[in-house]
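In what follows, a structure is listed as structure tokens, so that the remarks can point back to it.
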Amino acid sequence: MDITELILSDHHEQRRLFAMLDDVDPADTGTLGSLWERLAAMLEVHAEAEELFFYPALLELGQRRTNEGDTGGDEVDETKDAIGDHNDIRDGIIEAGRHEVGSNGWWKGVNAAREANDEHMGEEEHEGLADFRRHAGLDTRHRIAVTFAAYEAKHADGVKAVDKDPDEYVEDHS
Ligand SMILES: [Fe+2]
Ligand SMILES: [Fe+2]
């Protein structure tokens, strides 16, 4: 297993579930609600798992590069960006949850989460994940993947969404 592959594969599943919402008859709120419940839980668990296991490892990698005299790393900025983006995604989910499924307010929240997630996944894929592929060993990538997969399996029904301050997060994990 490889954490960079696992995250990419989760992103694909998220894109697929958002695309599925486009296919549902807007009047079929039962189906919209079921798909959204699954997608929202997945988005929250994925972000939480990244914050628990991937970003601490990315920050550690950045620290190691600095200690070795490599000044080219952007791991701290990449992490702060990601934590801020995760908050935006969670805020969209919370907004959707304030409205009846299928209503304008619900779609507004869903679309806000979708836009924030689309932008975030692109950045994460070509920043943090690329960085990790270039600089982290396969053993580390495997170990984090196993822990990450176990966490997602254990919390498949969702986790309590908690926004985090990006600066405090980096401080706490440095
Ligand atoms: Fe992600
Ligand atoms: Fe992320």
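In the structure tokens, each chain is lettered A, B, ... as it comes, each chain's residues begin at 1, and ligands are numbered from 1 in order of appearance.
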
Around ligand 2, out to 7 Å and counting only C-alpha atoms and all ligand atoms, which residues are there? I want them as a tab-separated table (two decimals) with N, CA and C atoms, in the first residue's frame.
```tsv
chain	number	residue	atom	x	y	z
A	47	ALA	N	-10.65	13.98	5.33
A	47	ALA	CA	-9.91	15.16	5.81
A	47	ALA	C	-9.32	14.90	7.20
A	50	GLU	N	-6.36	12.58	6.96
A	50	GLU	CA	-5.17	13.29	6.46
A	50	GLU	C	-4.55	14.14	7.57
A	82	ALA	N	-3.73	23.33	3.22
A	82	ALA	CA	-4.62	22.16	3.24
A	82	ALA	C	-5.59	22.24	4.41
A	86	HIS	N	-9.57	22.28	4.12
A	86	HIS	CA	-10.45	21.29	4.80
A	86	HIS	C	-11.55	22.01	5.56
A	120	HIS	N	-9.08	22.07	-3.72
A	120	HIS	CA	-8.17	21.47	-2.74
A	120	HIS	C	-7.50	20.20	-3.26
A	121	MET	N	-8.27	19.32	-3.88
A	121	MET	CA	-7.68	18.06	-4.35
A	121	MET	C	-6.57	18.32	-5.36
A	124	GLU	N	-3.56	19.55	-3.44
A	124	GLU	CA	-2.98	18.48	-2.61
A	124	GLU	C	-2.23	17.47	-3.49
```

Practice task
Within 12 Å of ligand 1, which residues show up when you count only C-alpha atoms and all ligand atoms? List them as JSON, numbers by chain, please.
Solution key: {"A": [3, 4, 5, 6, 7, 8, 9, 10, 11, 12, 13, 14, 15, 42, 43, 44, 45, 46, 47, 48, 49, 50, 51, 53, 54, 55, 79, 82, 83, 85, 86, 89, 116, 117, 118, 119, 120, 121, 122, 123, 124, 125, 126, 127, 128, 129, 148]}

Could you write out the selected residues, including N, CA and C atoms, as a CSV table (one decimal), in the first residue's frame?
```
chain,number,residue,atom,x,y,z
A,3,ILE,N,0.3,5.5,0.8
A,3,ILE,CA,-0.6,6.6,1.2
A,3,ILE,C,-0.9,7.6,0.0
A,4,THR,N,0.1,7.8,-0.9
A,4,THR,CA,-0.2,8.7,-1.9
A,4,THR,C,-1.2,8.2,-2.9
A,5,GLU,N,-1.2,6.8,-3.1
A,5,GLU,CA,-2.2,6.1,-4.0
A,5,GLU,C,-3.5,6.1,-3.3
A,6,LEU,N,-3.5,5.8,-2.0
A,6,LEU,CA,-4.8,5.7,-1.3
A,6,LEU,C,-5.5,7.1,-1.3
A,7,ILE,N,-4.8,8.2,-1.1
A,7,ILE,CA,-5.5,9.5,-1.1
A,7,ILE,C,-6.0,9.8,-2.5
A,8,LEU,N,-5.2,9.5,-3.5
A,8,LEU,CA,-5.6,9.7,-4.9
A,8,LEU,C,-6.9,8.9,-5.2
A,9,SER,N,-7.0,7.7,-4.7
A,9,SER,CA,-8.1,6.9,-5.0
A,9,SER,C,-9.3,7.4,-4.2
A,10,ASP,N,-9.2,7.9,-3.0
A,10,ASP,CA,-10.3,8.5,-2.3
A,10,ASP,C,-10.8,9.8,-3.1
A,11,HIS,N,-9.8,10.5,-3.6
A,11,HIS,CA,-10.2,11.7,-4.4
A,11,HIS,C,-11.1,11.3,-5.6
A,12,HIS,N,-10.7,10.2,-6.2
A,12,HIS,CA,-11.5,9.8,-7.4
A,12,HIS,C,-12.9,9.4,-6.9
A,13,GLU,N,-13.0,8.7,-5.8
A,13,GLU,CA,-14.3,8.4,-5.3
A,13,GLU,C,-15.2,9.6,-5.0
A,14,GLN,N,-14.5,10.6,-4.4
A,14,GLN,CA,-15.2,11.9,-4.1
A,14,GLN,C,-15.7,12.5,-5.4
A,15,ARG,N,-14.9,12.6,-6.4
A,15,ARG,CA,-15.3,13.2,-7.7
A,15,ARG,C,-16.5,12.4,-8.3
A,42,MET,N,-17.7,10.7,3.9
A,42,MET,CA,-16.4,10.4,3.3
A,42,MET,C,-15.5,11.6,3.3
A,43,LEU,N,-16.0,12.7,2.9
A,43,LEU,CA,-15.2,13.9,2.9
A,43,LEU,C,-14.6,14.3,4.3
A,44,GLU,N,-15.5,14.1,5.3
A,44,GLU,CA,-15.1,14.5,6.6
A,44,GLU,C,-14.1,13.5,7.2
A,45,VAL,N,-14.3,12.2,6.9
A,45,VAL,CA,-13.4,11.2,7.5
A,45,VAL,C,-12.0,11.3,6.7
A,46,HIS,N,-12.1,11.5,5.4
A,46,HIS,CA,-10.9,11.7,4.6
A,46,HIS,C,-10.0,12.8,5.1
A,47,ALA,N,-10.7,14.0,5.3
A,47,ALA,CA,-9.9,15.2,5.8
A,47,ALA,C,-9.3,14.9,7.2
A,48,GLU,N,-10.1,14.3,8.1
A,48,GLU,CA,-9.6,14.0,9.4
A,48,GLU,C,-8.5,13.0,9.4
A,49,ALA,N,-8.6,12.0,8.6
A,49,ALA,CA,-7.5,11.0,8.5
A,49,ALA,C,-6.2,11.7,7.9
A,50,GLU,N,-6.4,12.6,7.0
A,50,GLU,CA,-5.2,13.3,6.5
A,50,GLU,C,-4.6,14.1,7.6
A,51,GLU,N,-5.4,14.8,8.4
A,51,GLU,CA,-4.9,15.6,9.4
A,51,GLU,C,-4.3,14.8,10.6
A,53,PHE,N,-2.8,11.7,10.1
A,53,PHE,CA,-1.7,10.8,9.7
A,53,PHE,C,-0.8,11.3,8.5
A,54,PHE,N,-1.5,12.0,7.6
A,54,PHE,CA,-0.6,12.4,6.4
A,54,PHE,C,0.1,13.7,6.7
A,55,TYR,N,-0.6,14.8,7.1
A,55,TYR,CA,0.0,16.1,7.3
A,55,TYR,C,1.1,16.1,8.4
A,79,THR,N,0.9,22.5,4.2
A,79,THR,CA,0.0,22.0,5.2
A,79,THR,C,-1.0,23.1,5.7
A,82,ALA,N,-3.7,23.3,3.2
A,82,ALA,CA,-4.6,22.2,3.2
A,82,ALA,C,-5.6,22.2,4.4
A,83,ILE,N,-5.1,22.6,5.6
A,83,ILE,CA,-6.0,22.7,6.8
A,83,ILE,C,-7.1,23.8,6.5
A,85,ASP,N,-8.2,24.7,3.6
A,85,ASP,CA,-9.2,24.1,2.6
A,85,ASP,C,-10.1,23.1,3.2
A,86,HIS,N,-9.6,22.3,4.1
A,86,HIS,CA,-10.4,21.3,4.8
A,86,HIS,C,-11.6,22.0,5.6
A,89,ILE,N,-14.2,23.0,3.1
A,89,ILE,CA,-15.0,21.9,2.7
A,89,ILE,C,-16.1,21.5,3.8
A,116,ALA,N,-14.8,23.9,-3.2
A,116,ALA,CA,-13.7,23.9,-2.2
A,116,ALA,C,-12.9,22.6,-2.4
A,117,ASN,N,-13.6,21.5,-2.5
A,117,ASN,CA,-12.9,20.2,-2.6
A,117,ASN,C,-12.2,20.0,-3.9
A,118,ASP,N,-12.8,20.5,-5.0
A,118,ASP,CA,-12.1,20.4,-6.3
A,118,ASP,C,-10.8,21.2,-6.3
A,119,GLU,N,-10.9,22.4,-5.8
A,119,GLU,CA,-9.7,23.2,-5.8
A,119,GLU,C,-8.6,22.6,-4.9
A,120,HIS,N,-9.1,22.1,-3.7
A,120,HIS,CA,-8.2,21.5,-2.7
A,120,HIS,C,-7.5,20.2,-3.3
A,121,MET,N,-8.3,19.3,-3.9
A,121,MET,CA,-7.7,18.1,-4.3
A,121,MET,C,-6.6,18.3,-5.4
A,122,GLY,N,-6.8,19.3,-6.3
A,122,GLY,CA,-5.8,19.6,-7.3
A,122,GLY,C,-4.5,20.0,-6.6
A,123,GLU,N,-4.6,20.9,-5.6
A,123,GLU,CA,-3.4,21.4,-4.9
A,123,GLU,C,-2.7,20.3,-4.2
A,124,GLU,N,-3.6,19.6,-3.4
A,124,GLU,CA,-3.0,18.5,-2.6
A,124,GLU,C,-2.2,17.5,-3.5
A,125,GLU,N,-2.8,17.2,-4.7
A,125,GLU,CA,-2.2,16.2,-5.5
A,125,GLU,C,-0.9,16.7,-6.1
A,126,HIS,N,-0.8,17.9,-6.5
A,126,HIS,CA,0.5,18.3,-7.1
A,126,HIS,C,1.4,19.0,-6.1
A,127,GLU,N,1.0,19.2,-4.8
A,127,GLU,CA,1.9,19.7,-3.8
A,127,GLU,C,2.3,18.6,-2.8
A,128,GLY,N,1.5,18.5,-1.8
A,128,GLY,CA,1.8,17.5,-0.7
A,128,GLY,C,2.1,16.1,-1.2
A,129,LEU,N,1.2,15.6,-2.0
A,129,LEU,CA,1.4,14.2,-2.5
A,129,LEU,C,2.6,14.0,-3.3
A,148,PHE,N,-4.0,4.8,7.9
A,148,PHE,CA,-5.1,5.6,7.3
A,148,PHE,C,-6.3,4.8,6.9
```

Practice task
Could you jot down the atom CA of A:Ala153 to atom CA of A:Ala130 separation for me, Å, one decimal place?
Solution key: 25.0 Å

Problem - Separation of atom CA of A:Asp91 from atom CA of A:Glu115 in Å - result: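 Separating atom CA of A:Glu115 from atom CA of A:Asp91 is a distance of 11.8 Å.
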
Handout entry: Near-A:His135 list (12 Å; only C-alpha atoms; drop same-chain fewer than 6 positions) as number ranges by chain
Key = A: 4, 57-65, 70, 72-73, 75, 128-129, 141

Exercise for the section: List every residue of stretch 114-172 of chain A that DSSP, applied to the backbone of this structure, places in helix (DSSP H, G or I), and write the result as a ChimeraX atom specification. Expected result: /A:114-126,128-135,138-154,166-172

Residue subset to file, keeping N, CA and C atoms, as a compact mmCIF listing (two decimals), in the first residue's frame:
```txt
# COMPACT_ATOMS: atom_id res chain seq x y z
N ARG A 114 -18.24 21.22 -2.96
CA ARG A 114 -17.67 20.65 -4.19
C ARG A 114 -16.57 21.55 -4.75
N GLU A 115 -16.86 22.86 -4.81
CA GLU A 115 -15.85 23.79 -5.34
C GLU A 115 -14.60 23.81 -4.46
N ALA A 116 -14.81 23.87 -3.15
CA ALA A 116 -13.67 23.90 -2.24
C ALA A 116 -12.88 22.59 -2.37
N ASN A 117 -13.59 21.47 -2.52
CA ASN A 117 -12.90 20.18 -2.61
C ASN A 117 -12.16 20.04 -3.94
N ASP A 118 -12.78 20.48 -5.04
CA ASP A 118 -12.11 20.39 -6.35
C ASP A 118 -10.79 21.16 -6.32
N GLU A 119 -10.86 22.37 -5.80
CA GLU A 119 -9.65 23.20 -5.77
C GLU A 119 -8.60 22.55 -4.85
N HIS A 120 -9.08 22.07 -3.72
CA HIS A 120 -8.17 21.47 -2.74
C HIS A 120 -7.50 20.20 -3.26
N MET A 121 -8.27 19.32 -3.88
CA MET A 121 -7.68 18.06 -4.35
C MET A 121 -6.57 18.32 -5.36
N GLY A 122 -6.81 19.27 -6.27
CA GLY A 122 -5.79 19.60 -7.28
C GLY A 122 -4.50 20.04 -6.61
N GLU A 123 -4.63 20.93 -5.64
CA GLU A 123 -3.44 21.43 -4.94
C GLU A 123 -2.75 20.32 -4.17
N GLU A 124 -3.56 19.55 -3.44
CA GLU A 124 -2.98 18.48 -2.61
C GLU A 124 -2.23 17.47 -3.49
N GLU A 125 -2.81 17.19 -4.66
CA GLU A 125 -2.19 16.19 -5.54
C GLU A 125 -0.87 16.67 -6.11
N HIS A 126 -0.79 17.95 -6.46
CA HIS A 126 0.49 18.35 -7.05
C HIS A 126 1.43 19.05 -6.06
N GLY A 128 1.46 18.46 -1.75
CA GLY A 128 1.80 17.50 -0.68
C GLY A 128 2.07 16.09 -1.18
N LEU A 129 1.18 15.58 -2.04
CA LEU A 129 1.37 14.19 -2.49
C LEU A 129 2.63 14.05 -3.35
N ALA A 130 2.84 15.03 -4.24
CA ALA A 130 4.03 14.97 -5.10
C ALA A 130 5.30 15.05 -4.25
N ASP A 131 5.27 15.93 -3.28
CA ASP A 131 6.39 16.11 -2.35
C ASP A 131 6.70 14.78 -1.64
N PHE A 132 5.63 14.12 -1.19
CA PHE A 132 5.78 12.88 -0.44
C PHE A 132 6.34 11.77 -1.34
N ARG A 133 5.88 11.72 -2.59
CA ARG A 133 6.40 10.70 -3.52
C ARG A 133 7.89 10.92 -3.77
N ARG A 134 8.29 12.18 -3.87
CA ARG A 134 9.69 12.49 -4.18
C ARG A 134 10.61 12.25 -2.99
N HIS A 135 10.09 12.49 -1.77
CA HIS A 135 11.02 12.53 -0.63
C HIS A 135 10.76 11.52 0.49
N LEU A 138 9.34 4.27 0.65
CA LEU A 138 8.18 3.38 0.45
C LEU A 138 7.68 2.77 1.76
N ASP A 139 8.62 2.49 2.68
CA ASP A 139 8.22 1.93 3.98
C ASP A 139 7.28 2.89 4.71
N THR A 140 7.67 4.17 4.73
CA THR A 140 6.85 5.20 5.38
C THR A 140 5.50 5.32 4.68
N ARG A 141 5.53 5.33 3.36
CA ARG A 141 4.28 5.48 2.59
C ARG A 141 3.35 4.31 2.88
N HIS A 142 3.92 3.12 3.03
CA HIS A 142 3.13 1.92 3.31
C HIS A 142 2.55 2.00 4.74
N ARG A 143 3.41 2.34 5.69
CA ARG A 143 2.98 2.36 7.09
C ARG A 143 1.82 3.34 7.29
N ILE A 144 1.94 4.53 6.72
CA ILE A 144 0.87 5.53 6.88
C ILE A 144 -0.40 5.07 6.17
N ALA A 145 -0.23 4.42 5.02
CA ALA A 145 -1.41 3.94 4.27
C ALA A 145 -2.21 2.94 5.10
N VAL A 146 -1.53 2.04 5.78
CA VAL A 146 -2.24 1.02 6.56
C VAL A 146 -3.01 1.69 7.70
N THR A 147 -2.36 2.62 8.39
CA THR A 147 -3.02 3.32 9.50
C THR A 147 -4.22 4.12 9.00
N PHE A 148 -4.02 4.80 7.87
CA PHE A 148 -5.05 5.64 7.25
C PHE A 148 -6.26 4.78 6.85
N ALA A 149 -5.99 3.65 6.22
CA ALA A 149 -7.07 2.76 5.76
C ALA A 149 -7.86 2.21 6.95
N ALA A 150 -7.13 1.86 8.01
CA ALA A 150 -7.80 1.32 9.20
C ALA A 150 -8.71 2.38 9.81
N TYR A 151 -8.22 3.63 9.88
CA TYR A 151 -9.02 4.72 10.46
C TYR A 151 -10.29 4.94 9.63
N GLU A 152 -10.12 4.98 8.31
CA GLU A 152 -11.30 5.22 7.45
C GLU A 152 -12.32 4.08 7.59
N ALA A 153 -11.81 2.85 7.70
CA ALA A 153 -12.72 1.71 7.83
C ALA A 153 -13.48 1.78 9.16
N LYS A 154 -12.75 2.15 10.21
CA LYS A 154 -13.36 2.22 11.53
C LYS A 154 -14.41 3.32 11.62
N PRO A 166 -5.12 26.78 11.00
CA PRO A 166 -3.93 26.28 10.29
C PRO A 166 -2.61 26.56 11.02
N ASP A 167 -2.46 27.76 11.60
CA ASP A 167 -1.21 28.07 12.30
C ASP A 167 -1.05 27.21 13.55
N GLU A 168 -2.15 27.08 14.30
CA GLU A 168 -2.08 26.25 15.52
C GLU A 168 -1.80 24.79 15.18
N TYR A 169 -2.40 24.33 14.08
CA TYR A 169 -2.19 22.94 13.68
C TYR A 169 -0.69 22.69 13.41
N VAL A 170 -0.09 23.59 12.66
CA VAL A 170 1.34 23.42 12.33
C VAL A 170 2.18 23.50 13.60
N GLU A 171 1.83 24.44 14.48
CA GLU A 171 2.57 24.57 15.75
C GLU A 171 2.47 23.27 16.57
N ASP A 172 1.25 22.75 16.66
CA ASP A 172 1.03 21.53 17.46
C ASP A 172 1.75 20.31 16.89
```

Completion exercise
Counting only C-alpha atoms, the residue among A:Ser174, A:Glu95, A:Ser34, A:Ala156 that lies closest to A:Ala113 is A:Glu95

Handout entry: Separation of atom CA of A:Arg16 from atom CA of A:Glu78, in Å and rounded to one decimal
Key =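 Distance between the two atoms: 25.2 Å.
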
Handout entry: Residue nearest A:Pro26 - candidates A:Ala136, A:Ile94, A:Ala41, A:Val101, atoms counted: only C-alpha atoms
Key =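 Ranked by minimum distance to A:Pro26, first place goes to A:Val101.
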
Practice task
Find the residue from A:Gly137, A:Ala27, A:Val110, A:Asp74 that sits nearest to A:Arg90; use only C-alpha atoms when measuring.
Solution key: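 Under the stated criterion, the closest residue is A:Val110.
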